[in-house]
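This report refers to the structure that appears directly beneath it.
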Amino acid sequence: MSMQITDVDVLVTSPGRNYVIVRIETAGGLVGWGDATLNGRELAVRSYLQDHLAPLLLGRDASRIGDIWSYLYKGAYWRRGPVTMTSISGIDQALWDILGKAAGMPVFQLLGGRARDRLMAYPHASGLTVEASIASVAARLEEGYRAVRVQAAVPGLLTTYGIHRGGGSYEPAKSSLPEEEAWDTPAYLDFVPKLLAAVRNELGFGFNLLHDVHHRLSPTEAGALGRSLEPSRLYWMEDATPAEDQSAFALVRAHTTTPLAVGEVFNSIWDCQQLITSRSIDYIRCATTHTGGITHMRRVLALAELYGVRSGLHGPSDVSPVGMAANVHLDLAIPNFGVQEFMGYPEATAEVFTTSYRLVGGHLEIDDDVPGLGVDVDLDAASRYPYDRKYLPVNRLLDGSVHDW
Ligand code: CS2
Ligand code: MG
């Protein structure tokens, strides 16, 4: 069967939220799907793929995945960056999908086979009050989850990351121009230890509890917060400080035994090399979609394994079901799996994507007999949902200065 690439297409669709999807076809008739969704910058990725990468791929052998990866990465001269690495990821996932289909095997088999039967997943829980947040965690535990992330509205602030003002599910990229949120570190630092203690008090310690700081603290503040959260025994404190400053995490680490997780905004192994090799973190949280695909994410996870760092791959609604499948196949095969984030999707997403993985009582399971990544994309359904420009919010301190969101 000829593996020559004959067609590369990029699809931008918005069934409830925007996704960028790559479709690669071979002369032998195999079709591979990849995720290249970059929340809030979708059209830049589409242009990078359509205008710059597609012409390089036509006629190449789709089975030479590593070679194509290096050609796109080194051949650009300008390496790394979210737009480049997300674009490469879309191509890479589609090529693994094709290879699996050619072999008649799911991708996790090509990666070495199952290292576990199912994956512990964590969803988001939140509320406008502590009581509502506790009820939201309790509802998730009731559904069978063994790990839950909790956020709650900070008293005195009009907006808080992770909270939907009207109740309901939270989707951060929701307006055609960025909304501006307000942030006050002292109010947050005062509130969060009380929130997490109240959750433990009501619901006990028999499950894994997670919290996302979303890059808003200085290393000293984060160290102090981690220390005050120690009695609540978190599974992890996520993104405690802005992630690009790798050495900051060593400072946080020096002040607390609360486990640390970071990585959702990273796009290469170089972004986490120092964090991992200095043992400053416990969990690495990149998304396969933003980190050069399966080919590169596999290397990040292998480096992490050497230093006892486990996975907690990014799984928000802005990683499409194709990208989530790529996460799931990697999670199944690696030795150092920790947990898989699963935020869930707007309802209409299911009209466009069908997957061979599914959520069963708080765990992700996947079929053994569906080759490739196991995701199908309905092009007619996708065309009913055209691109709909949406931005993530921007954060300001109470004095009006821009802060990390
Ligand atoms: C979040 C994300 O999932 C998470 O942990 O931090 O929802 C993040 O806010 C979005 O991916 C931004 O696009
Ligand atoms: Mg996060």
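Letters A, B, ... mark the chains of the structure tokens in the order given; residue numbers begin at 1 per chain; ligand numbers begin at 1, in order shown.
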
Need the shell around A:Ser87: protein/DNA/RNA residues with any atom at most 8 Å away, counting only C-alpha atoms. Skip same-chain ones fewer than 6 positions apart. Format as a PyMOL selection string?
chain A and resi 36+45-46+48-49+292

Counting only C-alpha atoms and all ligand atoms, name the residues that have an atom within 8 Å of an atom of ligand 2; the answer should be given as a ChimeraX atom specification.
/A:212-214,238-239,262,264,314

Dump C-alpha atoms for the selected residues as a PDB file, in the first residue's frame?
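And here is the file that came out, again39.pdb:
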```
ATOM      1  CA  ASP A 212      -4.820  25.256  39.818  1.00  0.00           C
ATOM      2  CA  VAL A 213      -3.119  28.564  40.737  1.00  0.00           C
ATOM      3  CA  HIS A 214      -2.915  29.510  37.029  1.00  0.00           C
ATOM      4  CA  GLU A 238      -0.673  23.487  39.547  1.00  0.00           C
ATOM      5  CA  ASP A 239       1.111  26.368  37.791  1.00  0.00           C
ATOM      6  CA  VAL A 262       3.383  22.611  35.564  1.00  0.00           C
ATOM      7  CA  GLU A 264       0.337  23.343  30.004  1.00  0.00           C
ATOM      8  CA  HIS A 314      -3.245  18.839  29.798  1.00  0.00           C
TER       9      HIS A 314
END
```

Need to verify the contact set: stretch 390-395 of chain A, 8 Å, only C-alpha atoms, exclusion of same-chain residues closer than 4 positions in sequence. Can you return it as a PyMOL selection string?
chain A and resi 18+39-40+172-183+402-405

Based on the selection just made, write all heavy atoms of those residues as a compact mmCIF listing (two decimals), in the first residue's frame.
```txt
# COMPACT_ATOMS: atom_id res chain seq x y z
N ASN A 18 -13.76 26.51 19.31
CA ASN A 18 -12.96 26.37 18.10
C ASN A 18 -11.95 25.23 18.17
O ASN A 18 -11.30 25.04 19.20
CB ASN A 18 -12.18 27.66 17.83
CG ASN A 18 -13.10 28.80 17.43
OD1 ASN A 18 -13.96 28.62 16.57
ND2 ASN A 18 -12.94 29.94 18.07
N ASN A 39 -5.75 27.69 21.47
CA ASN A 39 -6.88 28.51 21.93
C ASN A 39 -6.61 30.01 21.76
O ASN A 39 -5.65 30.54 22.32
CB ASN A 39 -7.13 28.19 23.42
CG ASN A 39 -8.55 28.48 23.84
OD1 ASN A 39 -9.39 28.86 23.03
ND2 ASN A 39 -8.83 28.31 25.13
N GLY A 40 -7.44 30.68 20.99
CA GLY A 40 -7.32 32.12 20.82
C GLY A 40 -6.39 32.56 19.69
O GLY A 40 -6.34 33.74 19.35
N PRO A 172 -13.13 29.24 29.40
CA PRO A 172 -12.46 30.54 29.53
C PRO A 172 -12.48 31.41 28.27
O PRO A 172 -12.55 32.63 28.38
CB PRO A 172 -11.02 30.17 29.92
CG PRO A 172 -10.84 28.74 29.55
CD PRO A 172 -12.20 28.11 29.57
N ALA A 173 -12.39 30.80 27.07
CA ALA A 173 -12.36 31.63 25.85
C ALA A 173 -13.78 31.87 25.39
O ALA A 173 -14.35 31.07 24.66
CB ALA A 173 -11.56 30.93 24.76
N LYS A 174 -14.40 32.97 25.83
CA LYS A 174 -15.83 33.09 25.59
C LYS A 174 -16.27 34.39 24.94
O LYS A 174 -17.46 34.59 24.70
CB LYS A 174 -16.60 32.83 26.89
CG LYS A 174 -16.19 33.72 28.03
CD LYS A 174 -16.97 33.34 29.29
CE LYS A 174 -16.56 34.15 30.50
NZ LYS A 174 -15.15 34.14 30.84
N SER A 175 -15.34 35.32 24.64
CA SER A 175 -15.84 36.55 24.03
C SER A 175 -15.00 36.93 22.82
O SER A 175 -13.83 36.57 22.71
CB SER A 175 -15.85 37.68 25.06
OG SER A 175 -14.57 37.78 25.64
N SER A 176 -15.61 37.71 21.91
CA SER A 176 -14.96 37.99 20.63
C SER A 176 -13.82 39.00 20.77
O SER A 176 -13.04 39.20 19.85
CB SER A 176 -15.99 38.48 19.61
OG SER A 176 -16.60 39.62 20.13
N LEU A 177 -13.75 39.65 21.92
CA LEU A 177 -12.56 40.41 22.32
C LEU A 177 -12.29 40.03 23.77
O LEU A 177 -13.23 39.66 24.48
CB LEU A 177 -12.79 41.91 22.20
CG LEU A 177 -12.78 42.47 20.76
CD1 LEU A 177 -13.18 43.95 20.76
CD2 LEU A 177 -11.41 42.30 20.10
N PRO A 178 -11.03 40.10 24.25
CA PRO A 178 -10.75 39.59 25.60
C PRO A 178 -11.53 40.31 26.69
O PRO A 178 -11.61 41.54 26.70
CB PRO A 178 -9.25 39.87 25.77
CG PRO A 178 -8.71 40.04 24.40
CD PRO A 178 -9.84 40.60 23.56
N GLU A 179 -12.11 39.53 27.60
CA GLU A 179 -12.70 40.12 28.79
C GLU A 179 -11.58 40.45 29.76
O GLU A 179 -10.55 39.78 29.74
CB GLU A 179 -13.64 39.10 29.46
CG GLU A 179 -14.98 39.07 28.78
CD GLU A 179 -15.96 38.11 29.44
OE1 GLU A 179 -15.65 37.57 30.52
OE2 GLU A 179 -17.03 37.93 28.85
N GLU A 180 -11.79 41.46 30.58
CA GLU A 180 -10.75 41.79 31.56
C GLU A 180 -11.19 41.33 32.93
O GLU A 180 -12.29 41.65 33.38
CB GLU A 180 -10.46 43.29 31.53
CG GLU A 180 -9.96 43.71 30.16
CD GLU A 180 -9.00 44.89 30.17
OE1 GLU A 180 -8.83 45.52 31.23
OE2 GLU A 180 -8.43 45.16 29.09
N GLU A 181 -10.33 40.56 33.57
CA GLU A 181 -10.65 40.06 34.91
C GLU A 181 -9.80 40.81 35.93
O GLU A 181 -8.78 41.39 35.58
CB GLU A 181 -10.38 38.55 34.98
CG GLU A 181 -11.26 37.79 33.99
CD GLU A 181 -11.22 36.28 34.15
OE1 GLU A 181 -10.25 35.76 34.75
OE2 GLU A 181 -12.15 35.62 33.66
N ALA A 182 -10.25 40.78 37.20
CA ALA A 182 -9.53 41.48 38.26
C ALA A 182 -8.90 40.46 39.20
O ALA A 182 -9.49 39.42 39.48
CB ALA A 182 -10.49 42.37 39.02
N TRP A 183 -7.72 40.79 39.69
CA TRP A 183 -6.99 39.83 40.52
C TRP A 183 -6.40 40.53 41.74
O TRP A 183 -5.87 41.64 41.63
CB TRP A 183 -5.87 39.19 39.71
CG TRP A 183 -5.04 38.24 40.51
CD1 TRP A 183 -3.76 38.43 40.95
CD2 TRP A 183 -5.44 36.95 41.00
NE1 TRP A 183 -3.33 37.34 41.65
CE2 TRP A 183 -4.34 36.42 41.70
CE3 TRP A 183 -6.62 36.21 40.89
CZ2 TRP A 183 -4.38 35.16 42.31
CZ3 TRP A 183 -6.66 34.96 41.50
CH2 TRP A 183 -5.56 34.45 42.19
N VAL A 402 -1.49 45.11 34.21
CA VAL A 402 -1.72 43.77 33.65
C VAL A 402 -0.95 42.74 34.47
O VAL A 402 0.21 42.93 34.82
CB VAL A 402 -1.25 43.73 32.17
CG1 VAL A 402 -1.36 42.31 31.62
CG2 VAL A 402 -2.09 44.68 31.32
N HIS A 403 -1.63 41.66 34.77
CA HIS A 403 -1.03 40.57 35.57
C HIS A 403 -1.15 39.28 34.76
O HIS A 403 -1.83 39.22 33.74
CB HIS A 403 -1.81 40.44 36.90
CG HIS A 403 -1.14 39.57 37.91
ND1 HIS A 403 0.12 39.82 38.40
CD2 HIS A 403 -1.55 38.42 38.53
CE1 HIS A 403 0.45 38.87 39.28
NE2 HIS A 403 -0.55 38.02 39.36
N ASP A 404 -0.47 38.23 35.22
CA ASP A 404 -0.58 36.92 34.55
C ASP A 404 -2.01 36.41 34.67
O ASP A 404 -2.59 36.47 35.76
CB ASP A 404 0.39 35.93 35.22
CG ASP A 404 1.80 36.47 35.22
OD1 ASP A 404 2.15 37.23 36.17
OD2 ASP A 404 2.55 36.18 34.28
N TRP A 405 -2.54 35.86 33.58
CA TRP A 405 -3.89 35.30 33.66
C TRP A 405 -3.83 33.82 34.00
O TRP A 405 -3.03 33.08 33.51
CB TRP A 405 -4.65 35.46 32.33
CG TRP A 405 -6.01 34.81 32.44
CD1 TRP A 405 -7.07 35.26 33.18
CD2 TRP A 405 -6.43 33.59 31.84
NE1 TRP A 405 -8.14 34.38 33.08
CE2 TRP A 405 -7.76 33.34 32.26
CE3 TRP A 405 -5.81 32.65 31.00
CZ2 TRP A 405 -8.49 32.21 31.88
CZ3 TRP A 405 -6.52 31.53 30.60
CH2 TRP A 405 -7.85 31.32 31.04
```

Restricting the calculation to only C-alpha atoms: of A:Tyr170, A:Phe108, A:Phe249, A:Tyr188, which residue gets closest to A:Leu225?
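Of A:Tyr170, A:Phe108, A:Phe249, A:Tyr188, the one nearest A:Leu225 is A:Tyr188, counting only C-alpha atoms.
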
Selection near stretch 94-98 of chain A, 8 Å with only C-alpha atoms, sequence-local residues under 3 positions removed, as a list in words:
Val22, Arg23, Ile24, Leu30, Val31, Gly32, Trp33, Gly34, Asp35, Ala62, Ser63, Ile65, Gly90, Ile91, Lys101, Ala102, Val107, Ile294, Pro371, Gly372, Leu373 and Gly374 of chain A

I need the residues from that last selection saved to file as a compact mmCIF listing (two decimals), in the first residue's frame (with all heavy atoms), if you can.
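again_11.txt written:
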```txt
# COMPACT_ATOMS: atom_id res chain seq x y z
N VAL A 22 -6.12 18.71 11.46
CA VAL A 22 -5.35 18.40 10.26
C VAL A 22 -5.83 17.06 9.70
O VAL A 22 -6.06 16.11 10.46
CB VAL A 22 -3.84 18.27 10.62
CG1 VAL A 22 -3.03 17.88 9.39
CG2 VAL A 22 -3.32 19.57 11.22
N ARG A 23 -5.97 17.01 8.37
CA ARG A 23 -6.36 15.76 7.71
C ARG A 23 -5.30 15.45 6.65
O ARG A 23 -5.04 16.26 5.76
CB ARG A 23 -7.73 15.92 7.05
CG ARG A 23 -8.21 14.69 6.31
CD ARG A 23 -9.50 15.00 5.55
NE ARG A 23 -10.02 13.82 4.89
CZ ARG A 23 -9.60 13.37 3.70
NH1 ARG A 23 -8.64 14.00 3.06
NH2 ARG A 23 -10.14 12.29 3.18
N ILE A 24 -4.66 14.28 6.77
CA ILE A 24 -3.65 13.88 5.79
C ILE A 24 -4.13 12.61 5.11
O ILE A 24 -4.63 11.69 5.77
CB ILE A 24 -2.28 13.64 6.48
CG1 ILE A 24 -1.78 14.95 7.10
CG2 ILE A 24 -1.26 13.09 5.47
CD1 ILE A 24 -0.41 14.88 7.74
N LEU A 30 -5.35 5.87 2.91
CA LEU A 30 -5.49 6.02 4.37
C LEU A 30 -5.63 7.50 4.71
O LEU A 30 -5.00 8.36 4.08
CB LEU A 30 -4.27 5.44 5.08
CG LEU A 30 -4.12 3.92 5.01
CD1 LEU A 30 -2.82 3.48 5.68
CD2 LEU A 30 -5.32 3.22 5.65
N VAL A 31 -6.45 7.76 5.75
CA VAL A 31 -6.65 9.13 6.21
C VAL A 31 -6.24 9.22 7.67
O VAL A 31 -6.64 8.39 8.49
CB VAL A 31 -8.13 9.55 6.04
CG1 VAL A 31 -8.41 10.86 6.75
CG2 VAL A 31 -8.48 9.67 4.56
N GLY A 32 -5.42 10.22 8.00
CA GLY A 32 -5.01 10.44 9.39
C GLY A 32 -5.49 11.79 9.87
O GLY A 32 -5.51 12.76 9.09
N TRP A 33 -5.86 11.86 11.17
CA TRP A 33 -6.35 13.10 11.78
C TRP A 33 -5.38 13.56 12.87
O TRP A 33 -4.88 12.73 13.64
CB TRP A 33 -7.72 12.89 12.42
CG TRP A 33 -8.78 12.46 11.46
CD1 TRP A 33 -9.27 11.20 11.31
CD2 TRP A 33 -9.49 13.29 10.53
NE1 TRP A 33 -10.26 11.19 10.34
CE2 TRP A 33 -10.40 12.47 9.84
CE3 TRP A 33 -9.43 14.66 10.21
CZ2 TRP A 33 -11.26 12.96 8.85
CZ3 TRP A 33 -10.28 15.15 9.23
CH2 TRP A 33 -11.18 14.30 8.56
N GLY A 34 -5.16 14.87 12.93
CA GLY A 34 -4.31 15.43 14.00
C GLY A 34 -4.93 16.69 14.56
O GLY A 34 -5.69 17.38 13.87
N ASP A 35 -4.62 16.99 15.81
CA ASP A 35 -5.16 18.19 16.46
C ASP A 35 -4.11 19.29 16.47
O ASP A 35 -2.97 19.06 16.88
CB ASP A 35 -5.55 17.84 17.91
CG ASP A 35 -6.13 19.01 18.68
OD1 ASP A 35 -6.71 19.92 18.04
OD2 ASP A 35 -6.04 19.01 19.93
N ALA A 62 4.59 8.88 4.33
CA ALA A 62 3.92 9.16 5.62
C ALA A 62 4.47 8.31 6.76
O ALA A 62 4.28 8.64 7.93
CB ALA A 62 2.42 8.93 5.48
N SER A 63 5.14 7.22 6.45
CA SER A 63 5.63 6.35 7.53
C SER A 63 6.96 6.85 8.11
O SER A 63 7.40 6.36 9.14
CB SER A 63 5.78 4.91 7.03
OG SER A 63 6.84 4.84 6.10
N ILE A 65 7.93 9.12 10.09
CA ILE A 65 7.41 10.14 11.02
C ILE A 65 8.54 10.95 11.67
O ILE A 65 8.48 12.17 11.75
CB ILE A 65 6.52 9.48 12.10
CG1 ILE A 65 5.34 8.76 11.44
CG2 ILE A 65 6.02 10.52 13.09
CD1 ILE A 65 4.45 8.01 12.41
N GLY A 90 -0.01 18.78 14.95
CA GLY A 90 -1.15 18.35 14.13
C GLY A 90 -0.71 17.38 13.04
O GLY A 90 -1.37 16.35 12.80
N ILE A 91 0.42 17.67 12.41
CA ILE A 91 0.95 16.78 11.37
C ILE A 91 1.37 15.44 12.00
O ILE A 91 1.03 14.36 11.50
CB ILE A 91 2.19 17.41 10.69
CG1 ILE A 91 1.87 18.78 10.10
CG2 ILE A 91 2.82 16.45 9.68
CD1 ILE A 91 1.05 18.77 8.86
N LYS A 101 -3.23 2.86 11.38
CA LYS A 101 -4.22 2.31 10.44
C LYS A 101 -3.54 1.36 9.46
O LYS A 101 -4.08 0.31 9.10
CB LYS A 101 -4.95 3.44 9.72
CG LYS A 101 -5.96 4.13 10.65
CD LYS A 101 -6.53 5.41 10.06
CE LYS A 101 -7.56 6.01 11.00
NZ LYS A 101 -7.87 7.42 10.68
N ALA A 102 -2.32 1.70 9.02
CA ALA A 102 -1.58 0.83 8.09
C ALA A 102 -1.24 -0.50 8.78
O ALA A 102 -1.28 -1.57 8.16
CB ALA A 102 -0.32 1.53 7.62
N VAL A 107 -2.63 3.14 18.22
CA VAL A 107 -1.31 3.77 18.39
C VAL A 107 -0.62 3.29 19.68
O VAL A 107 0.59 3.09 19.69
CB VAL A 107 -1.45 5.31 18.33
CG1 VAL A 107 -0.17 5.99 18.80
CG2 VAL A 107 -1.78 5.74 16.90
N ILE A 294 3.07 13.36 19.29
CA ILE A 294 3.45 12.15 20.01
C ILE A 294 4.97 11.96 19.97
O ILE A 294 5.59 11.60 20.98
CB ILE A 294 2.71 10.94 19.40
CG1 ILE A 294 1.21 11.05 19.73
CG2 ILE A 294 3.29 9.62 19.89
CD1 ILE A 294 0.33 10.05 19.02
N PRO A 371 -7.92 0.76 15.02
CA PRO A 371 -6.56 1.16 14.64
C PRO A 371 -6.34 2.68 14.68
O PRO A 371 -7.29 3.45 14.63
CB PRO A 371 -6.40 0.65 13.21
CG PRO A 371 -7.67 0.06 12.80
CD PRO A 371 -8.67 0.21 13.89
N GLY A 372 -5.08 3.06 14.76
CA GLY A 372 -4.71 4.48 14.75
C GLY A 372 -5.07 5.14 16.05
O GLY A 372 -5.06 4.52 17.12
N LEU A 373 -5.42 6.44 15.98
CA LEU A 373 -5.81 7.17 17.19
C LEU A 373 -7.25 6.85 17.58
O LEU A 373 -7.68 7.14 18.70
CB LEU A 373 -5.66 8.68 16.97
CG LEU A 373 -4.21 9.20 16.90
CD1 LEU A 373 -4.21 10.69 16.54
CD2 LEU A 373 -3.48 8.97 18.21
N GLY A 374 -8.02 6.31 16.63
CA GLY A 374 -9.38 5.88 16.95
C GLY A 374 -10.40 7.02 16.95
O GLY A 374 -11.44 6.91 17.59
```

Residue neighbourhood A:Thr354, 9 Å, only C-alpha atoms, exclusion window fewer than 5 positions, as a VMD selection string:
chain A and resid 321 349 374 to 378

Can you list, as a ChimeraX atom specification, every residue of stretch 15-215 of chain A that DSSP puts in alpha helix (DSSP H)?
/A:42-47,54-57,65-75,82-103,107-110,130-142,185-203

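Candidate residues A:Leu260, A:Leu234, A:Trp270, A:Ile134 were compared for distance to A:Val199, and the nearest is A:Ile134, using only C-alpha atoms.
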
Test item: residues at most 12 Å from A:Ser14, only C-alpha atoms, excluding those fewer than 2 positions along its chain, as an MDAnalysis selection string
chainID A and resid 11:12 16:21 37 39 42 317:318 320 345:353 381:390

Could you write out that same residue set with N, CA and C atoms as a compact mmCIF listing (two decimals), in the first residue's frame?
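Printed below is part_4.txt as written:
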```txt
# COMPACT_ATOMS: atom_id res chain seq x y z
N LEU A 11 -8.77 22.06 8.82
CA LEU A 11 -10.18 22.33 9.05
C LEU A 11 -10.29 23.15 10.34
N VAL A 12 -11.02 24.27 10.28
CA VAL A 12 -11.28 25.01 11.52
C VAL A 12 -12.78 24.95 11.75
N GLY A 16 -19.30 24.44 19.47
CA GLY A 16 -19.29 24.81 20.89
C GLY A 16 -18.03 25.54 21.27
N ARG A 17 -16.94 25.26 20.58
CA ARG A 17 -15.69 26.01 20.75
C ARG A 17 -14.80 25.70 19.54
N ASN A 18 -13.76 26.51 19.31
CA ASN A 18 -12.96 26.37 18.10
C ASN A 18 -11.95 25.23 18.17
N TYR A 19 -11.83 24.49 17.06
CA TYR A 19 -10.80 23.46 16.93
C TYR A 19 -10.11 23.61 15.57
N VAL A 20 -8.82 23.30 15.54
CA VAL A 20 -8.07 23.25 14.29
C VAL A 20 -7.65 21.80 14.08
N ILE A 21 -8.09 21.21 12.98
CA ILE A 21 -7.88 19.78 12.76
C ILE A 21 -7.15 19.56 11.43
N THR A 37 -5.08 22.62 17.67
CA THR A 37 -5.88 23.71 18.25
C THR A 37 -5.03 24.54 19.22
N ASN A 39 -5.75 27.69 21.47
CA ASN A 39 -6.88 28.51 21.93
C ASN A 39 -6.61 30.01 21.76
N GLU A 42 -6.11 30.43 16.67
CA GLU A 42 -6.36 29.32 15.75
C GLU A 42 -5.93 29.61 14.32
N SER A 317 -10.95 21.67 27.46
CA SER A 317 -11.84 21.57 26.29
C SER A 317 -11.16 22.11 25.04
N ASP A 318 -10.07 22.89 25.21
CA ASP A 318 -9.41 23.44 24.02
C ASP A 318 -8.33 22.52 23.44
N SER A 320 -8.64 19.26 21.32
CA SER A 320 -9.80 18.60 20.69
C SER A 320 -9.83 17.11 21.04
N TYR A 345 -16.38 18.32 27.09
CA TYR A 345 -16.58 19.09 25.86
C TYR A 345 -18.00 19.63 25.77
N PRO A 346 -18.16 20.75 25.03
CA PRO A 346 -19.52 21.19 24.73
C PRO A 346 -20.25 20.08 23.96
N GLU A 347 -21.57 20.02 24.15
CA GLU A 347 -22.36 18.91 23.58
C GLU A 347 -22.17 18.72 22.07
N ALA A 348 -22.14 19.85 21.32
CA ALA A 348 -22.07 19.76 19.86
C ALA A 348 -20.77 19.11 19.37
N THR A 349 -19.75 19.09 20.23
CA THR A 349 -18.47 18.47 19.83
C THR A 349 -18.67 17.02 19.41
N ALA A 350 -19.60 16.35 20.08
CA ALA A 350 -19.84 14.93 19.79
C ALA A 350 -20.47 14.72 18.41
N GLU A 351 -21.06 15.79 17.83
CA GLU A 351 -21.61 15.65 16.46
C GLU A 351 -20.48 15.56 15.44
N VAL A 352 -19.33 16.14 15.78
CA VAL A 352 -18.21 16.20 14.83
C VAL A 352 -17.22 15.06 15.05
N PHE A 353 -16.95 14.73 16.32
CA PHE A 353 -15.91 13.74 16.62
C PHE A 353 -16.50 12.50 17.29
N ALA A 381 -20.79 17.59 9.51
CA ALA A 381 -21.14 18.20 10.80
C ALA A 381 -20.19 19.36 11.09
N ALA A 382 -18.90 19.17 10.81
CA ALA A 382 -17.91 20.24 11.07
C ALA A 382 -18.26 21.49 10.29
N SER A 383 -18.75 21.33 9.05
CA SER A 383 -19.02 22.50 8.22
C SER A 383 -20.25 23.28 8.72
N ARG A 384 -21.04 22.64 9.56
CA ARG A 384 -22.19 23.38 10.15
C ARG A 384 -21.73 24.35 11.24
N TYR A 385 -20.47 24.23 11.69
CA TYR A 385 -19.98 25.05 12.79
C TYR A 385 -18.74 25.85 12.36
N PRO A 386 -18.94 26.98 11.68
CA PRO A 386 -17.79 27.76 11.21
C PRO A 386 -17.01 28.41 12.37
N TYR A 387 -15.79 28.79 12.08
CA TYR A 387 -14.92 29.48 13.06
C TYR A 387 -15.63 30.66 13.69
N ASP A 388 -15.42 30.82 14.98
CA ASP A 388 -16.10 31.84 15.75
C ASP A 388 -15.05 32.47 16.67
N ARG A 389 -14.55 33.67 16.29
CA ARG A 389 -13.41 34.22 17.04
C ARG A 389 -13.69 34.36 18.54
N LYS A 390 -12.77 33.81 19.33
CA LYS A 390 -12.91 33.88 20.79
C LYS A 390 -11.53 34.09 21.41
```

Leaving out A:Arg60 and any residue of its chain fewer than 2 positions from it, which residues lie within 12 Å of it when counting only C-alpha atoms, given as a list in words?
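Within the cut-off, the hits are Ser2, Met3, Gln4, Ile5, Thr6, Asp7, Val8, Ile24, Glu25, Thr26, Ala27, Ala54, Pro55, Leu56, Leu57, Leu58, Ala62, Ser63, Arg64, Ile65, Asp67, Ile68, Tyr71 and Leu95 of chain A.
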
Determine the nearest neighbour of ligand 1 from the options A:Ile163, A:Leu203, A:Ile366, A:Leu332, counting only C-alpha atoms and all ligand atoms.
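Result for the nearest residue to ligand 1: A:Ile163.
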
Using only C-alpha atoms, find the one residue out of A:Glu171, A:Asp380, A:Asp245, A:Glu131 that sits nearest to A:Pro316.
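Closest to A:Pro316, using only C-alpha atoms: A:Glu171.
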
Nearest to ligand 1, restricted to only C-alpha atoms and all ligand atoms and choosing among A:His329, A:Arg149, A:Arg396, A:Arg253, comes out as A:Arg149

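Take the candidates A:Ser133, A:Ser70, A:Ser356, A:Gln340 and check each one against ligand 1 using only C-alpha atoms and all ligand atoms; the shortest distance goes to A:Gln340.
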
Using backbone DSSP assignments, extract all strand (DSSP E) residues from stretch 21-176 of chain A; output them as an MDAnalysis selection string.
chainID A and resid 21:26 31:35 119:122 124:127 147:152

Work out how far atom CA of A:Leu111 is from atom CA of A:Leu306, in Å to one decimal.
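Separating atom CA of A:Leu306 from atom CA of A:Leu111 is a distance of 17.9 Å.
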